[in-house]
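Note: the block below is input_31.txt and it holds compact mmCIF, C-alpha atoms.
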```txt
# COMPACT_ATOMS: atom_id res chain seq x y z
CA MET A 932 84.51 -0.80 -0.01
CA SER A 933 83.97 -1.41 -3.72
CA ASP A 934 81.53 -4.14 -2.63
CA ASP A 935 79.57 -1.42 -0.87
CA LEU A 936 79.49 0.69 -4.00
CA GLU A 937 78.33 -2.28 -6.01
CA LEU A 938 75.59 -2.99 -3.48
CA ALA A 939 74.57 0.68 -3.57
CA ALA A 940 74.45 0.63 -7.38
CA LEU A 941 72.27 -2.48 -7.31
CA LEU A 942 69.91 -0.83 -4.84
CA GLY A 943 69.48 2.26 -7.00
CA GLU A 944 71.53 4.80 -8.88
CA ALA A 945 71.43 8.56 -8.66
CA PRO A 946 69.79 10.50 -11.46
CA LYS A 947 72.65 11.81 -13.58
CA THR A 948 71.72 15.46 -13.94
CA PRO A 949 69.35 17.85 -12.17
CA ASP A 950 65.94 17.23 -13.67
CA PRO A 951 63.99 20.42 -14.54
CA ALA A 952 60.71 18.48 -14.57
CA PHE A 953 61.37 17.35 -11.00
CA ARG A 954 62.03 20.96 -9.95
CA PHE A 955 58.84 22.08 -11.67
CA ASP A 956 56.82 19.40 -9.85
CA VAL A 957 58.34 20.37 -6.51
CA LEU A 958 57.53 24.04 -7.01
CA SER A 959 53.97 23.33 -8.11
CA ARG A 960 53.46 21.10 -5.06
CA ALA A 961 54.89 23.80 -2.79
CA ALA A 962 52.59 26.41 -4.35
CA GLU A 963 49.58 24.10 -4.04
CA ARG A 964 50.32 23.45 -0.37
CA ALA A 965 50.70 27.19 0.25
CA ARG A 966 47.37 27.83 -1.47
CA ARG A 967 45.64 25.18 0.65
CA ARG A 968 47.17 26.55 3.83
CA ALA A 969 46.01 30.07 2.96
CA ALA A 970 42.50 28.76 2.22
CA ARG A 971 42.39 26.96 5.59
CA GLN A 972 43.51 30.10 7.40
CA ARG A 973 40.92 32.17 5.56
CA ALA A 974 38.16 29.72 6.43
CA PHE A 975 39.26 29.74 10.07
CA ARG A 976 39.30 33.55 10.14
CA VAL A 977 35.82 33.80 8.63
CA THR A 978 34.46 31.24 11.09
CA VAL A 979 35.95 33.08 14.07
CA VAL A 980 34.69 36.48 12.93
CA PHE A 981 31.15 35.24 12.36
CA ALA A 982 31.14 33.29 15.61
CA LEU A 983 32.24 36.39 17.53
CA ALA A 984 29.67 38.54 15.75
CA GLY A 985 27.01 36.00 16.61
CA LEU A 986 28.12 35.96 20.24
CA VAL A 987 27.68 39.70 20.68
CA PHE A 988 23.91 39.49 21.01
CA PRO A 989 23.56 36.67 23.57
CA VAL A 990 26.43 38.08 25.65
CA SER A 991 25.01 41.59 25.67
CA HIS A 992 21.58 40.17 26.45
CA SER A 993 22.96 38.26 29.41
CA LEU A 994 24.64 41.48 30.62
CA GLY A 995 21.27 43.19 30.54
CA LEU A 996 21.97 45.41 27.54
CA GLY A 997 19.10 45.95 25.13
CA LEU A 998 19.25 46.68 21.43
CA ALA A 999 18.78 50.41 22.09
CA GLN A 1000 21.90 50.61 24.29
CA LEU A 1001 23.89 48.51 21.82
CA GLN A 1002 22.94 50.57 18.80
CA PRO A 1003 25.88 53.07 18.84
CA LEU A 1004 28.33 50.23 19.41
CA LEU A 1005 26.85 48.19 16.58
CA LEU A 1006 26.95 51.21 14.30
CA VAL A 1007 30.67 51.77 14.98
CA ALA A 1008 31.40 48.04 14.57
CA GLY A 1009 29.45 47.99 11.30
CA VAL A 1010 31.33 50.99 9.91
CA LEU A 1011 34.68 49.46 10.93
CA ALA A 1012 33.76 46.12 9.37
CA LEU A 1013 32.70 47.81 6.14
CA ALA A 1014 35.96 49.81 6.06
CA TYR A 1015 37.93 46.59 6.61
CA VAL A 1016 36.13 44.77 3.81
CA LEU A 1017 36.62 47.71 1.45
CA ALA A 1018 40.33 47.90 2.30
CA LEU A 1019 40.69 44.16 1.74
CA TRP A 1020 38.83 44.37 -1.54
CA THR A 1021 41.06 47.23 -2.67
CA LEU A 1022 44.19 45.26 -1.81
CA GLU A 1023 43.27 41.72 -2.75
CA GLY A 1024 40.01 41.87 -4.70
CA PRO A 1025 39.48 41.00 -8.36
CA ARG A 1026 40.38 44.54 -9.46
CA ALA A 1027 42.91 45.26 -6.76
CA VAL A 1028 43.86 48.87 -7.41
CA LEU A 1029 46.44 48.79 -4.62
CA ALA A 1030 47.92 45.41 -5.54
CA ARG A 1031 51.22 47.06 -6.48
CA SER A 1032 51.44 48.72 -3.03
CA ARG A 1033 50.83 45.36 -1.41
CA SER A 1034 53.62 43.77 -3.42
CA ILE A 1035 55.97 46.38 -1.91
CA TRP A 1036 55.04 45.17 1.59
CA TRP A 1037 55.68 41.54 0.72
CA VAL A 1038 58.96 42.31 -1.01
CA ARG A 1039 61.73 40.00 0.22
CA MET B 576 78.37 25.43 -5.42
CA GLU B 577 79.87 27.45 -2.59
CA LEU B 578 78.36 27.49 0.88
CA GLY B 579 78.04 31.27 0.70
CA GLU B 580 75.94 30.99 -2.43
CA GLU B 581 73.80 28.31 -0.81
CA ALA B 582 73.27 30.51 2.26
CA ARG B 583 72.26 33.38 -0.01
CA LEU B 584 69.74 31.13 -1.81
CA ILE B 585 68.36 29.89 1.51
CA GLY B 586 67.87 33.50 2.63
CA LEU B 587 66.03 34.32 -0.59
CA ALA B 588 63.91 31.16 -0.39
CA ARG B 589 62.91 31.98 3.18
CA GLY B 590 61.63 35.29 1.89
CA GLY B 591 59.39 33.47 -0.58
CA ASP B 592 61.61 33.39 -3.67
CA TYR B 593 60.55 30.31 -5.66
CA ALA B 594 63.37 30.72 -8.18
CA ALA B 595 65.99 30.53 -5.40
CA PHE B 596 64.28 27.50 -3.93
CA GLY B 597 64.25 25.92 -7.40
CA ARG B 598 68.02 26.27 -7.53
CA LEU B 599 68.31 24.62 -4.12
CA VAL B 600 66.12 21.79 -5.41
CA ASP B 601 68.46 21.36 -8.38
CA MET B 602 71.48 21.29 -6.07
CA HIS B 603 70.12 18.61 -3.75
CA GLN B 604 67.63 16.57 -5.75
CA SER B 605 70.16 13.96 -6.77
CA ALA B 606 71.17 13.07 -3.19
CA VAL B 607 67.60 12.98 -1.92
CA ARG B 608 66.27 11.00 -4.86
CA VAL B 609 68.96 8.33 -4.74
CA PHE B 610 68.49 7.96 -0.98
CA LEU B 611 64.77 7.38 -1.46
CA ARG B 612 65.26 5.15 -4.50
CA ARG B 613 67.45 2.84 -2.46
CA LEU B 614 64.91 2.80 0.32
CA ALA B 615 61.71 2.52 -1.69
CA GLY B 616 63.03 0.46 -4.60
CA ASN B 617 60.48 2.02 -6.90
CA HIS B 618 61.63 5.12 -8.77
CA ALA B 619 58.16 6.61 -9.17
CA ASP B 620 57.29 6.27 -5.48
CA ALA B 621 60.73 7.53 -4.49
CA ASP B 622 60.42 10.63 -6.66
CA ASP B 623 56.92 11.24 -5.36
CA LEU B 624 58.21 11.13 -1.78
CA ALA B 625 61.17 13.32 -2.72
CA GLN B 626 58.86 15.95 -4.18
CA GLU B 627 56.72 15.90 -1.04
CA ALA B 628 59.85 16.22 1.08
CA PHE B 629 61.08 19.23 -0.89
CA ALA B 630 57.64 20.86 -0.76
CA ARG B 631 57.58 20.35 3.01
CA THR B 632 61.12 21.73 3.26
CA TRP B 633 59.87 24.91 1.60
CA GLU B 634 57.37 25.28 4.46
CA VAL B 635 59.81 24.54 7.27
CA LEU B 636 62.90 26.22 5.87
CA TYR B 637 62.73 28.75 8.71
CA ARG B 638 63.63 25.88 11.07
CA PHE B 639 66.93 25.27 9.31
CA ASP B 640 69.56 26.78 11.60
CA GLY B 641 72.68 25.95 9.60
CA SER B 642 74.09 23.59 12.26
CA SER B 643 74.02 20.82 9.63
CA SER B 644 74.07 20.96 5.84
CA LEU B 645 70.86 21.70 3.96
CA ARG B 646 71.20 18.32 2.22
CA THR B 647 71.11 16.62 5.63
CA PHE B 648 68.10 18.70 6.65
CA ILE B 649 66.13 17.78 3.51
CA CYS B 650 67.06 14.11 3.84
CA GLY B 651 65.78 14.20 7.43
CA VAL B 652 62.43 15.41 6.14
CA ALA B 653 62.51 12.80 3.36
CA PHE B 654 63.27 10.04 5.87
CA GLN B 655 60.22 10.98 7.93
CA TYR B 656 58.04 10.90 4.81
CA TRP B 657 59.39 7.52 3.74
CA ARG B 658 58.84 6.07 7.22
CA ARG B 659 55.25 7.27 7.24
CA ALA B 660 54.63 5.91 3.74
CA ARG B 661 56.20 2.56 4.55
CA ARG B 662 54.04 2.11 7.61
CA ALA B 663 50.95 2.89 5.58
CA GLN B 664 51.84 0.43 2.85
CA ASN B 665 51.00 -3.22 2.93
CA ARG B 666 54.34 -5.04 2.87
CA ARG B 667 53.03 -8.13 1.14
CA GLU B 668 51.56 -6.08 -1.66
CA LYS B 669 54.92 -4.33 -2.00
CA ARG B 670 56.79 -7.63 -2.38
CA GLU B 671 54.31 -8.89 -4.95
CA THR B 672 54.79 -5.87 -7.16
CA ALA B 673 58.56 -5.69 -6.66
CA TYR B 674 59.43 -7.77 -9.69
CA ALA B 675 57.20 -5.77 -12.03
CA GLU B 676 58.71 -2.52 -10.77
CA LEU B 677 62.24 -3.81 -11.25
CA SER B 678 61.40 -5.10 -14.70
CA ASP B 679 60.28 -1.65 -15.78
CA ALA B 680 63.51 -0.08 -14.61
CA GLU B 681 65.74 -2.83 -15.95
CA ALA B 682 64.34 -3.56 -19.38
CA ASN B 683 67.80 -3.92 -20.93
CA ALA B 684 69.75 -5.27 -17.96
CA PRO B 685 71.19 -8.80 -17.94
CA PRO B 686 68.87 -11.30 -16.22
CA GLU B 687 71.36 -12.11 -13.46
CA ARG B 688 71.59 -8.43 -12.53
CA VAL B 689 67.80 -8.23 -12.36
CA ALA B 690 67.79 -11.29 -10.12
CA GLN B 691 70.41 -9.71 -7.87
CA ARG B 692 68.41 -6.52 -7.66
CA LEU B 693 65.27 -8.43 -6.81
CA ALA B 694 67.06 -10.39 -4.08
CA LEU B 695 68.51 -7.18 -2.68
CA ARG B 696 65.15 -5.45 -2.78
CA ARG B 697 63.55 -8.32 -0.88
CA ALA B 698 66.34 -8.22 1.67
CA MET B 699 65.95 -4.44 2.05
CA ASP B 700 62.20 -4.82 2.58
CA GLU B 701 62.88 -7.32 5.34
CA LEU B 702 65.29 -5.03 7.17
CA PRO B 703 64.14 -2.86 10.08
CA GLU B 704 63.43 0.72 9.00
CA ASP B 705 66.48 2.29 10.62
CA GLN B 706 68.84 -0.34 9.25
CA ALA B 707 67.52 0.09 5.72
CA ALA B 708 67.77 3.87 5.94
CA ALA B 709 71.33 3.75 7.29
CA LEU B 710 72.36 1.52 4.40
CA ALA B 711 70.60 3.67 1.81
CA LEU B 712 72.44 6.72 3.11
CA CYS B 713 75.94 5.36 3.64
CA LEU B 714 76.45 2.39 1.33
CA GLY B 715 77.14 4.50 -1.74
CA GLN B 716 79.31 6.89 0.31
CA ASP B 717 76.80 9.66 -0.38
CA PHE B 718 76.59 10.53 3.31
CA THR B 719 79.01 10.16 6.21
CA HIS B 720 78.01 8.16 9.26
CA ALA B 721 77.75 11.41 11.22
CA GLU B 722 75.36 12.87 8.64
CA ALA B 723 73.27 9.69 8.69
CA SER B 724 73.07 9.86 12.47
CA GLU B 725 71.85 13.46 12.18
CA ILE B 726 69.26 12.61 9.52
CA MET B 727 67.92 9.62 11.44
CA LYS B 728 68.28 11.24 14.88
CA LEU B 729 70.16 8.21 16.17
CA PRO B 730 73.50 7.93 18.03
CA LEU B 731 76.54 7.49 15.78
CA GLY B 732 77.37 4.07 17.23
CA THR B 733 73.86 2.81 16.51
CA VAL B 734 74.11 3.96 12.90
CA LYS B 735 77.46 2.19 12.46
CA SER B 736 76.05 -0.99 13.95
CA HIS B 737 72.97 -0.75 11.67
CA ILE B 738 75.26 -0.47 8.65
CA THR B 739 77.43 -3.43 9.67
CA ARG B 740 74.45 -5.69 10.34
CA GLY B 741 72.45 -4.51 7.34
CA ARG B 742 75.39 -4.93 4.99
CA ALA B 743 75.90 -8.49 6.24
CA ARG B 744 72.26 -9.31 5.54
CA LEU B 745 72.40 -7.87 2.05
CA ARG B 746 75.56 -9.85 1.30
CA VAL B 747 73.85 -12.99 2.50
CA ALA B 748 70.93 -12.22 0.22
CA LEU B 749 73.36 -12.02 -2.70
CA GLY B 750 75.11 -15.19 -1.59
CA ILE B 751 78.49 -13.52 -1.09
CA ALA B 752 78.81 -13.96 2.66
CA GLU B 753 78.10 -16.61 5.21
CA THR B 754 75.12 -16.21 7.54
CA GLY B 755 77.32 -16.01 10.63
CA ASP B 756 78.77 -12.69 9.47
CA GLU B 757 76.82 -10.61 12.04
```
Would you write the structure of this file as structure tokens?
Amino acid sequence: MSDDLELAALLGEAPKTPDPAFRFDVLSRAAERARRRAARQRAFRVTVVFALAGLVFPVSHSLGLGLAQLQPLLLVAGVLALAYVLALWTLEGPRAVLARSRSIWWVR
Amino acid sequence: MELGEEARLIGLARGGDYAAFGRLVDMHQSAVRVFLRRLAGNHADADDLAQEAFARTWEVLYRFDGSSSLRTFICGVAFQYWRRARRAQNRREKRETAYAELSDAEANAPPERVAQRLALRRAMDELPEDQAAALALCLGQDFTHAEASEIMKLPLGTVKSHITRGRARLRVALGIAETGDE
């Protein structure tokens, strides 16, 4: 058995104490991965929203709906989209006045 | 540290608490790093893989169901990372740089110990992946055979056989056992 321990020691020894620099590197990598994942999700969301918005016109055209019939629907959709963007800007924008409220939602 | 405390830290880390996860990293970094050092042979590469494994663990911590220890769970992730890295790496290139890597780590070691390490490293590089991993886990008594079987997702008997055969090959490499040991 001591042979095994000797072999193990020759193959590599454990770091003696927990290394704060290692922990710091792990946490920064984890944060970086989370940031990248969030960016990917955001890009996907933007692509989907714009694709759907772009699809509205050809689909409505193929259903025989003209711009005049679509106008009230587009107006409502526009107002809703604007409200959504404003809400997002208020919560997550550069001067997020409701950032503190958001932090309450994400509280663990 | 008590299991209750670890469970509390896991709960906090799942909720996004980086400080709690940092404490878990401190608790388990030694086991994961030595496992990867024995597998990779190069401390820098091993630590790089260990950091990736911990960062990935942070993402998949919700999958940890407590049926095994967290250390086993993290080492399972680390093993997958090492396997992927090893397959991507050119083995010949690895052997050629082995001596330089050992020399860096062993600047003050006696020459015969460096030679032994080099021989062992070459023997480890020649071993099949599962055999090398089983040895890296169990040789220093850091992990039980059952834990190794869980980490590597292999039957217990297979792990034991990997250890017996791998150990024999390492002893041959060091010249302390006859070739017919297997």
Mind checking which residues fall within 8 Å of Arg960 of chain A, counting only C-alpha atoms, ignoring those fewer than 5 positions away in the same chain, and posting them as a PyMOL selection string? chain B and resi 626-627+630
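Distance annotation: of A:Arg964, A:Leu1029, A:Gly943, A:Leu938, the residue with the minimal separation from Phe610 of chain B is A:Gly943; atom set is all atoms listed in the file.
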Can you pull out the residues contacting Tyr637 of chain B? Cut-off 12 Å, using all atoms listed in the file, and skip same-chain residues under 4 positions away; I want them as a ChimeraX atom specification. /B:585-591,631-633,641,645,648
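The interface of chain A with chain B at 8 Å, considering only C-alpha atoms, consists of Asp935, Leu936, Leu938, Ala939, Ala940, Leu941, Leu942, Gly943, Glu944, Ala945, Pro946, Lys947, Thr948, Pro949, Asp950, Pro951, Phe953, Arg954, Phe955, Asp956, Val957, Leu958, Arg960, Ala961, Arg964 and Arg1039 of chain A.
The space between atom CA of Cys650 of chain B and atom CA of Ala698 of chain B spans 22.4 Å.
Interatomic distance, atom CA of Arg646 of chain B to atom CA of Thr719 of chain B: 12.0 Å.
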Take atom CA of Arg1026 of chain A and atom CA of Ser959 of chain A and report the distance between them in Å, one decimal. 25.2 Å
How would segment 691-718 of chain B read, as a PDB file, in the coordinates of the input, once N, CA and C atoms are built in?
```
ATOM      1  N   GLN B 691      69.686 -10.256  -9.023  1.00  0.00           N
ATOM      2  CA  GLN B 691      70.410  -9.710  -7.870  1.00  0.00           C
ATOM      3  C   GLN B 691      69.644  -8.536  -7.261  1.00  0.00           C
ATOM      4  N   ARG B 692      69.142  -7.686  -8.138  1.00  0.00           N
ATOM      5  CA  ARG B 692      68.410  -6.520  -7.660  1.00  0.00           C
ATOM      6  C   ARG B 692      67.155  -6.951  -6.899  1.00  0.00           C
ATOM      7  N   LEU B 693      66.493  -7.938  -7.444  1.00  0.00           N
ATOM      8  CA  LEU B 693      65.270  -8.430  -6.810  1.00  0.00           C
ATOM      9  C   LEU B 693      65.582  -9.017  -5.432  1.00  0.00           C
ATOM     10  N   ALA B 694      66.664  -9.798  -5.369  1.00  0.00           N
ATOM     11  CA  ALA B 694      67.060 -10.390  -4.080  1.00  0.00           C
ATOM     12  C   ALA B 694      67.413  -9.298  -3.082  1.00  0.00           C
ATOM     13  N   LEU B 695      68.140  -8.290  -3.559  1.00  0.00           N
ATOM     14  CA  LEU B 695      68.510  -7.180  -2.680  1.00  0.00           C
ATOM     15  C   LEU B 695      67.285  -6.417  -2.202  1.00  0.00           C
ATOM     16  N   ARG B 696      66.372  -6.199  -3.124  1.00  0.00           N
ATOM     17  CA  ARG B 696      65.150  -5.450  -2.780  1.00  0.00           C
ATOM     18  C   ARG B 696      64.368  -6.200  -1.711  1.00  0.00           C
ATOM     19  N   ARG B 697      64.271  -7.513  -1.879  1.00  0.00           N
ATOM     20  CA  ARG B 697      63.550  -8.320  -0.880  1.00  0.00           C
ATOM     21  C   ARG B 697      64.252  -8.220   0.465  1.00  0.00           C
ATOM     22  N   ALA B 698      65.587  -8.295   0.411  1.00  0.00           N
ATOM     23  CA  ALA B 698      66.340  -8.220   1.670  1.00  0.00           C
ATOM     24  C   ALA B 698      66.147  -6.849   2.318  1.00  0.00           C
ATOM     25  N   MET B 699      66.148  -5.790   1.507  1.00  0.00           N
ATOM     26  CA  MET B 699      65.950  -4.440   2.050  1.00  0.00           C
ATOM     27  C   MET B 699      64.568  -4.315   2.694  1.00  0.00           C
ATOM     28  N   ASP B 700      63.561  -4.897   2.044  1.00  0.00           N
ATOM     29  CA  ASP B 700      62.200  -4.820   2.580  1.00  0.00           C
ATOM     30  C   ASP B 700      62.072  -5.549   3.912  1.00  0.00           C
ATOM     31  N   GLU B 701      62.936  -6.551   4.095  1.00  0.00           N
ATOM     32  CA  GLU B 701      62.880  -7.320   5.340  1.00  0.00           C
ATOM     33  C   GLU B 701      63.625  -6.621   6.485  1.00  0.00           C
ATOM     34  N   LEU B 702      64.490  -5.682   6.129  1.00  0.00           N
ATOM     35  CA  LEU B 702      65.290  -5.030   7.170  1.00  0.00           C
ATOM     36  C   LEU B 702      64.432  -4.095   8.015  1.00  0.00           C
ATOM     37  N   PRO B 703      64.819  -3.901   9.288  1.00  0.00           N
ATOM     38  CA  PRO B 703      64.140  -2.860  10.080  1.00  0.00           C
ATOM     39  C   PRO B 703      64.359  -1.498   9.427  1.00  0.00           C
ATOM     40  N   GLU B 704      63.408  -0.597   9.667  1.00  0.00           N
ATOM     41  CA  GLU B 704      63.430   0.720   9.000  1.00  0.00           C
ATOM     42  C   GLU B 704      64.766   1.442   9.147  1.00  0.00           C
ATOM     43  N   ASP B 705      65.262   1.512  10.383  1.00  0.00           N
ATOM     44  CA  ASP B 705      66.480   2.290  10.620  1.00  0.00           C
ATOM     45  C   ASP B 705      67.684   1.677   9.923  1.00  0.00           C
ATOM     46  N   GLN B 706      67.719   0.341   9.908  1.00  0.00           N
ATOM     47  CA  GLN B 706      68.840  -0.340   9.250  1.00  0.00           C
ATOM     48  C   GLN B 706      68.818  -0.060   7.743  1.00  0.00           C
ATOM     49  N   ALA B 707      67.639  -0.157   7.157  1.00  0.00           N
ATOM     50  CA  ALA B 707      67.520   0.090   5.720  1.00  0.00           C
ATOM     51  C   ALA B 707      67.908   1.531   5.388  1.00  0.00           C
ATOM     52  N   ALA B 708      67.458   2.466   6.219  1.00  0.00           N
ATOM     53  CA  ALA B 708      67.770   3.870   5.940  1.00  0.00           C
ATOM     54  C   ALA B 708      69.264   4.142   6.084  1.00  0.00           C
ATOM     55  N   ALA B 709      69.889   3.547   7.104  1.00  0.00           N
ATOM     56  CA  ALA B 709      71.330   3.750   7.290  1.00  0.00           C
ATOM     57  C   ALA B 709      72.105   3.228   6.080  1.00  0.00           C
ATOM     58  N   LEU B 710      71.690   2.080   5.577  1.00  0.00           N
ATOM     59  CA  LEU B 710      72.360   1.520   4.400  1.00  0.00           C
ATOM     60  C   LEU B 710      72.151   2.403   3.168  1.00  0.00           C
ATOM     61  N   ALA B 711      70.903   2.847   2.978  1.00  0.00           N
ATOM     62  CA  ALA B 711      70.600   3.670   1.810  1.00  0.00           C
ATOM     63  C   ALA B 711      71.414   4.961   1.820  1.00  0.00           C
ATOM     64  N   LEU B 712      71.683   5.463   3.022  1.00  0.00           N
ATOM     65  CA  LEU B 712      72.440   6.720   3.110  1.00  0.00           C
ATOM     66  C   LEU B 712      73.935   6.504   2.911  1.00  0.00           C
ATOM     67  N   CYS B 713      74.473   5.449   3.533  1.00  0.00           N
ATOM     68  CA  CYS B 713      75.940   5.360   3.640  1.00  0.00           C
ATOM     69  C   CYS B 713      76.592   4.373   2.670  1.00  0.00           C
ATOM     70  N   LEU B 714      75.827   3.441   2.144  1.00  0.00           N
ATOM     71  CA  LEU B 714      76.450   2.390   1.330  1.00  0.00           C
ATOM     72  C   LEU B 714      77.154   2.965   0.101  1.00  0.00           C
ATOM     73  N   GLY B 715      76.534   3.928  -0.543  1.00  0.00           N
ATOM     74  CA  GLY B 715      77.140   4.500  -1.740  1.00  0.00           C
ATOM     75  C   GLY B 715      78.079   5.650  -1.431  1.00  0.00           C
ATOM     76  N   GLN B 716      78.429   5.810  -0.170  1.00  0.00           N
ATOM     77  CA  GLN B 716      79.310   6.890   0.310  1.00  0.00           C
ATOM     78  C   GLN B 716      78.740   8.264  -0.038  1.00  0.00           C
ATOM     79  N   ASP B 717      77.420   8.360  -0.110  1.00  0.00           N
ATOM     80  CA  ASP B 717      76.800   9.660  -0.380  1.00  0.00           C
ATOM     81  C   ASP B 717      76.780  10.508   0.887  1.00  0.00           C
ATOM     82  N   PHE B 718      76.664   9.829   2.039  1.00  0.00           N
ATOM     83  CA  PHE B 718      76.590  10.530   3.310  1.00  0.00           C
ATOM     84  C   PHE B 718      77.585   9.898   4.290  1.00  0.00           C
TER      85      PHE B 718
END
```
